[in-house]
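Report on one structure; see the data block that follows.
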Amino acid sequence: MSALIEIKDLVTNFYTYEGVVKALNKISLEVESGLTFGLVGESGCGKSVLVRSIMRIVQSPGVIEGGEVKFHMKKNGKDEVIELLSLSEEEMRQIRGSEISMIFQEPNAALNPILSIGYQVSESFLFHISEQMCAKVLEDLESPRDNTNFIWKSFLRYAYRVGSKDAKALPLRIFNKIPILKCWDKRLKEEATRRSIEIIDKLHVPHPEQVVKSYPHNLSGGMKQRIVIAIALACNPELLIADEATSNLDVTVQAQILELLNELKKEYISSIMLITHDLGVVAETCERVGVMYAGNLCEVADVREIFKNPKHPYTKALLNSVPRFSTEGRLAVIDGFVPNLVNPPSGCRFHPRCPLTMEQCKQNVPDLKETGDRHLVACYAVD
Amino acid sequence: MAVFISRRLIFLVFVMFGVSFIIFGLQMTFSPERRAMVFVTTPQQAKDIPVLIKKYGFDQPFYKQYFTWLKEVTSGHLGYSLVASDSVWRAFWRYFPITLELNIFSSPCIILFGIWLGTKAGQKANTFTDHFTRIFSIVGWSLPTFLFSLVMLMIFYGYFRLFPPSVLGDELTLLVYGNTGEFVRYTGMFTVDGILNGRLDVTFEALKHLVMPVLTQMVVICAILMRVMRSGMLEEMGKDYVITARAKGVDKKTTILKHARRNALIPVITVAGQLVAALMEGSIAVEIIFNRKGLGWWLAESAMQLDMPVLMSLCLFIAIVFVLANLTVDIIYAYVDPRIRLS
Ligand SMILES: Nc1ncnc2c1ncn2[C@@H]1O[C@H](COP(=O)(O)OP(=O)(O)O)[C@@H](O)[C@H]1O
Ligand SMILES: [Mg+2]
């Protein structure tokens, strides 16, 4: 299977008043294309920061300090490798939402409360495929059934011809500043809304024509999450990152959304990166799993392998802390505290809580090592 | 909507009733003699105080006096202003345009400048722009208006001879207030009247006299707006929907202006409404120091001379302004924020 994203030594810090929060400590990870990759770990271990660093949308005071993120983009059938961290902001913007998109934990907070659903979904189209939509509008304008008056039509034809080559061309930016001519993009927006209705409909939202006119507070949590997914899927991304996308929903809605993601994966997206702290969800939906602890990646393996044969002491502890029907007795609790990331423990950040600590663990950070059968572990006690 | 507005207007009647009741009650704490003194201008008249008390009914019980006043006001007699030596109604229309004119120029400046500065500062905390605007706003906010006005006068008039105080220069004052029919005071705002009379020199002169009071109000008042805008902007920029917008590939400018700023503006609307309403009753320090005889000046003079008809009328006016300002704020709110329904 070919790689989709290769992350190497990624470091992200937050410069807060309490000190520097070392949220990602040289993470290296490879995600293959065509898979559903699960990322698990306690809350606060840096899962969100990791995926936000990939998309370069870490909020201030966070700074990506180093490392590289290689993204394999399939353009016209050719495989092209791009280093995301070295792109310009504008180049990166074009990748966000069209190649890699993201859905979020809190559907209530993820939508802007004062903008209409239609507008928020349209933005995905307007910021990525304006040219394509301009061409479509131009085609409609040429059709004999269109009865706009002649002068205005000539103007529109000109505007959309320019727009179909470059939607940010100078003439269009000038039109945008002039009161009457500003309306040139009305049909472009209508086209975007039409596409929004189409994509919302595909996500099994009832009455999409009315939904685009409504606002987030008019919709239920599950519906909002579907809209967030619609926004993310609008431009058929290569990779969809779901950051705890189902954690805050009712169990039934959660199941529906997971099912929907599975269904969509077959049709539209090649790969999904699913972040969760729910191991049940991982077992059900993922093919490969990465386990994170305090800004480090401990273990990466196929899902069956990790449940059957966990190697890292933290993964073992994590699996033991999940209630099961088959076992009796006390639920295992991991001793000690989640470390403070301002002054993390030296060496392997898990060593103060680890039952197998050796002298070496306190000094050096173990690298991820292949230990047979596509199973990578970062631990000195495993060989 | 219509129901909402008419309900508010009915509410306004009760507010005016309540306000007038309180103010009237407060002035009752003065002795009848003290209140009669207002009408005394010569030493001989001092002997007539008991006559005056009888004449104006100052010794009658509170409710009787209040009802007499209420009857007068509801039949359209607001009384006579000693300060203006004119009826309150006519004097109001002489002073109000002066204040209104200043506000028409200063309010948009204050609001736009405050929002602009706050947006700049709030986009990214702790940058140079942020520190600079914060210092500016703290200095502006803590400077007493009268002091700042005096400094402005000293520099721009005293030293540079650029922007004179008062409303118009002497010559033009004679022209506009002269009853020769050469100049008609349509609105009482000379920038507008100048245009209507075809005398652009009057408009220009009036604008020149407006520069300093507008600047003063801008520096002193926009600080609070700027701070509300800045903190709103900082808060909104950290919200999840901003990340959603960025993650779908929206550019920085649209994220800031269309997503974050529109949300940050919501609290600003309330503050701006209150500020504009407060300016309508006239900024006393600015009007006195720049010698613009508007509502603020009139209010201050009347209060010092216990000119009751004026004080009562202006209180009613202030009540009207505040209720209308709140009504406007609520309507704008409903327009900006779809979660709010007028009902
Ligand atoms: N805006 C921020 N300011 C300071 N620290 C942050 C910020 N966002 C995240 N962090 C730090 O980064 C670490 C990882 O957070 P996060 O990735 O959100 O965890 P999770 O795995 O639950 O998604 C946390 O320990 C937190 O302290
Ligand atoms: Mg998270």
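Just so we're on the same page: first chain in the structure tokens is A, next is B, and so on; residues restart at 1 for each chain, and ligands are numbered from 1 in the order they show up.
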Using only C-alpha atoms, I'd like every residue of chain B that has an atom within 7 Å of chain A; please write them out as a compact mmCIF listing (two decimals) with N, CA, C and O atoms, in the first residue's frame.
```txt
# COMPACT_ATOMS: atom_id res chain seq x y z
N ASP B 240 -13.91 27.53 17.76
CA ASP B 240 -13.77 26.41 16.83
C ASP B 240 -14.20 26.74 15.40
O ASP B 240 -13.63 26.24 14.45
N TYR B 241 -15.22 27.59 15.26
CA TYR B 241 -15.69 27.84 13.90
C TYR B 241 -14.63 28.55 13.06
O TYR B 241 -14.63 28.43 11.84
N ILE B 243 -11.47 27.77 13.23
CA ILE B 243 -10.68 26.64 12.76
C ILE B 243 -11.40 25.95 11.61
O ILE B 243 -10.79 25.59 10.61
N THR B 244 -12.71 25.76 11.75
CA THR B 244 -13.47 25.13 10.65
C THR B 244 -13.27 25.92 9.37
O THR B 244 -13.01 25.35 8.31
N ARG B 246 -10.86 27.96 8.57
CA ARG B 246 -9.49 27.83 8.05
C ARG B 246 -9.29 26.45 7.43
O ARG B 246 -8.65 26.31 6.41
N ALA B 247 -9.87 25.42 8.08
CA ALA B 247 -9.67 24.05 7.61
C ALA B 247 -10.35 23.82 6.27
O ALA B 247 -9.95 22.94 5.53
N LYS B 248 -11.39 24.60 5.95
CA LYS B 248 -11.99 24.38 4.63
C LYS B 248 -11.33 25.23 3.57
O LYS B 248 -11.74 25.23 2.43
N GLY B 249 -10.29 25.96 3.94
CA GLY B 249 -9.52 26.67 2.93
C GLY B 249 -9.93 28.11 2.73
O GLY B 249 -9.62 28.71 1.72
N VAL B 250 -10.65 28.68 3.69
CA VAL B 250 -11.01 30.09 3.60
C VAL B 250 -9.77 30.92 3.90
O VAL B 250 -9.00 30.57 4.79
N ASP B 251 -9.58 32.02 3.16
CA ASP B 251 -8.36 32.79 3.40
C ASP B 251 -8.46 33.60 4.69
O ASP B 251 -9.53 33.77 5.25
N HIS B 259 -16.02 35.99 9.39
CA HIS B 259 -16.38 35.04 10.45
C HIS B 259 -16.20 35.64 11.84
O HIS B 259 -17.16 35.78 12.58
N ASP B 337 -27.72 39.02 14.36
CA ASP B 337 -27.65 37.70 14.98
C ASP B 337 -28.94 36.93 14.76
O ASP B 337 -29.97 37.26 15.34
N PRO B 338 -28.89 35.91 13.92
CA PRO B 338 -30.12 35.18 13.59
C PRO B 338 -30.72 34.44 14.77
O PRO B 338 -31.86 34.02 14.71
N ARG B 339 -29.94 34.28 15.86
CA ARG B 339 -30.49 33.55 17.00
C ARG B 339 -31.51 34.39 17.75
O ARG B 339 -32.30 33.89 18.53
```
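Using only C-alpha atoms, the protein and nucleic acid residues lying no more than 8 Å from Val184 of chain B, apart from those fewer than 4 places from it along its own chain, are Val176, Asp193 and Asn197 of chain B.
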request  = List all protein, DNA and RNA residues that have any atom at most 9 Å from ligand 1, counting only C-alpha atoms and all ligand atoms, and write the list as an NGL selection string.
outcome  = (:A and (12-16 or 20-24 or 40-52 or 58-62 or 243-244 or 275-277 or 292-295 or 339-342)) or (:B and (238))
message = Calculated over only C-alpha atoms, which of the candidates B:Ile332, B:Val228, B:Ile340, B:Leu210 has the smallest distance to Ser166 of chain B?
response =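 Using only C-alpha atoms, Ser166 of chain B sits closest to B:Leu210.
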message = Residues within 9 Å of segment 35-43 of chain B, please, as a PyMOL selection string. Count only C-alpha atoms; anything in the same chain fewer than 4 positions from it doesn't count.
response = chain B and resi 27-28+30-31+47-50+52-53+56+58+82+305-308
Limited to N, CA, C and O atoms, could you put the picked residues into a file as a compact mmCIF listing (two decimals), in the first residue's frame?
```
# COMPACT_ATOMS: atom_id res chain seq x y z
N GLN B 27 -36.52 67.61 43.25
CA GLN B 27 -36.50 69.06 43.39
C GLN B 27 -37.39 69.51 44.55
O GLN B 27 -37.21 70.58 45.09
N MET B 28 -38.33 68.62 44.94
CA MET B 28 -39.18 68.97 46.08
C MET B 28 -38.38 69.04 47.37
O MET B 28 -38.83 69.59 48.37
N PHE B 30 -35.86 70.75 47.85
CA PHE B 30 -35.50 72.15 48.10
C PHE B 30 -36.69 72.85 48.75
O PHE B 30 -37.84 72.52 48.45
N SER B 31 -36.39 73.83 49.59
CA SER B 31 -37.48 74.54 50.25
C SER B 31 -38.20 75.42 49.23
O SER B 31 -37.61 75.80 48.22
N LYS B 47 -38.09 90.76 48.35
CA LYS B 47 -39.19 90.92 49.31
C LYS B 47 -40.44 90.17 48.85
O LYS B 47 -41.29 89.81 49.65
N ASP B 48 -40.52 89.97 47.54
CA ASP B 48 -41.74 89.38 46.98
C ASP B 48 -41.75 87.86 47.03
O ASP B 48 -42.65 87.23 46.46
N ILE B 49 -40.75 87.27 47.67
CA ILE B 49 -40.66 85.81 47.63
C ILE B 49 -41.96 85.11 48.06
O ILE B 49 -42.44 84.21 47.36
N PRO B 50 -42.58 85.53 49.19
CA PRO B 50 -43.84 84.86 49.55
C PRO B 50 -44.89 84.96 48.44
O PRO B 50 -45.63 84.00 48.19
N LEU B 52 -44.27 85.14 45.22
CA LEU B 52 -43.87 84.19 44.18
C LEU B 52 -44.26 82.77 44.56
O LEU B 52 -44.73 81.99 43.73
N ILE B 53 -44.05 82.43 45.84
CA ILE B 53 -44.38 81.07 46.30
C ILE B 53 -45.86 80.81 46.08
O ILE B 53 -46.26 79.77 45.56
N TYR B 56 -46.66 80.54 42.13
CA TYR B 56 -46.29 79.30 41.45
C TYR B 56 -46.70 78.05 42.22
O TYR B 56 -46.42 76.94 41.80
N PHE B 58 -45.61 76.83 45.09
CA PHE B 58 -44.50 76.03 45.62
C PHE B 58 -44.80 75.44 47.00
O PHE B 58 -44.10 74.57 47.47
N LEU B 82 -35.13 80.35 31.87
CA LEU B 82 -34.49 81.60 32.25
C LEU B 82 -33.10 81.71 31.63
O LEU B 82 -32.67 82.78 31.23
N GLN B 305 -28.46 76.94 37.88
CA GLN B 305 -29.42 77.98 38.25
C GLN B 305 -30.76 77.40 38.67
O GLN B 305 -31.72 78.14 38.82
N LEU B 306 -30.82 76.08 38.78
CA LEU B 306 -32.05 75.40 39.18
C LEU B 306 -33.23 75.81 38.29
O LEU B 306 -34.31 76.11 38.76
N ASP B 307 -32.98 75.81 37.00
CA ASP B 307 -34.00 76.17 36.02
C ASP B 307 -34.88 74.94 35.78
O ASP B 307 -34.66 74.16 34.85
N MET B 308 -35.86 74.76 36.67
CA MET B 308 -36.60 73.49 36.70
C MET B 308 -37.28 73.10 35.39
O MET B 308 -37.20 71.95 34.98
```
inquiry  = Nearest residue to ligand 2 out of A:Leu274, A:Val253, A:His375, A:His207, using only C-alpha atoms and all ligand atoms?
reply    =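 Using only C-alpha atoms and all ligand atoms, ligand 2 sits closest to A:Leu274.
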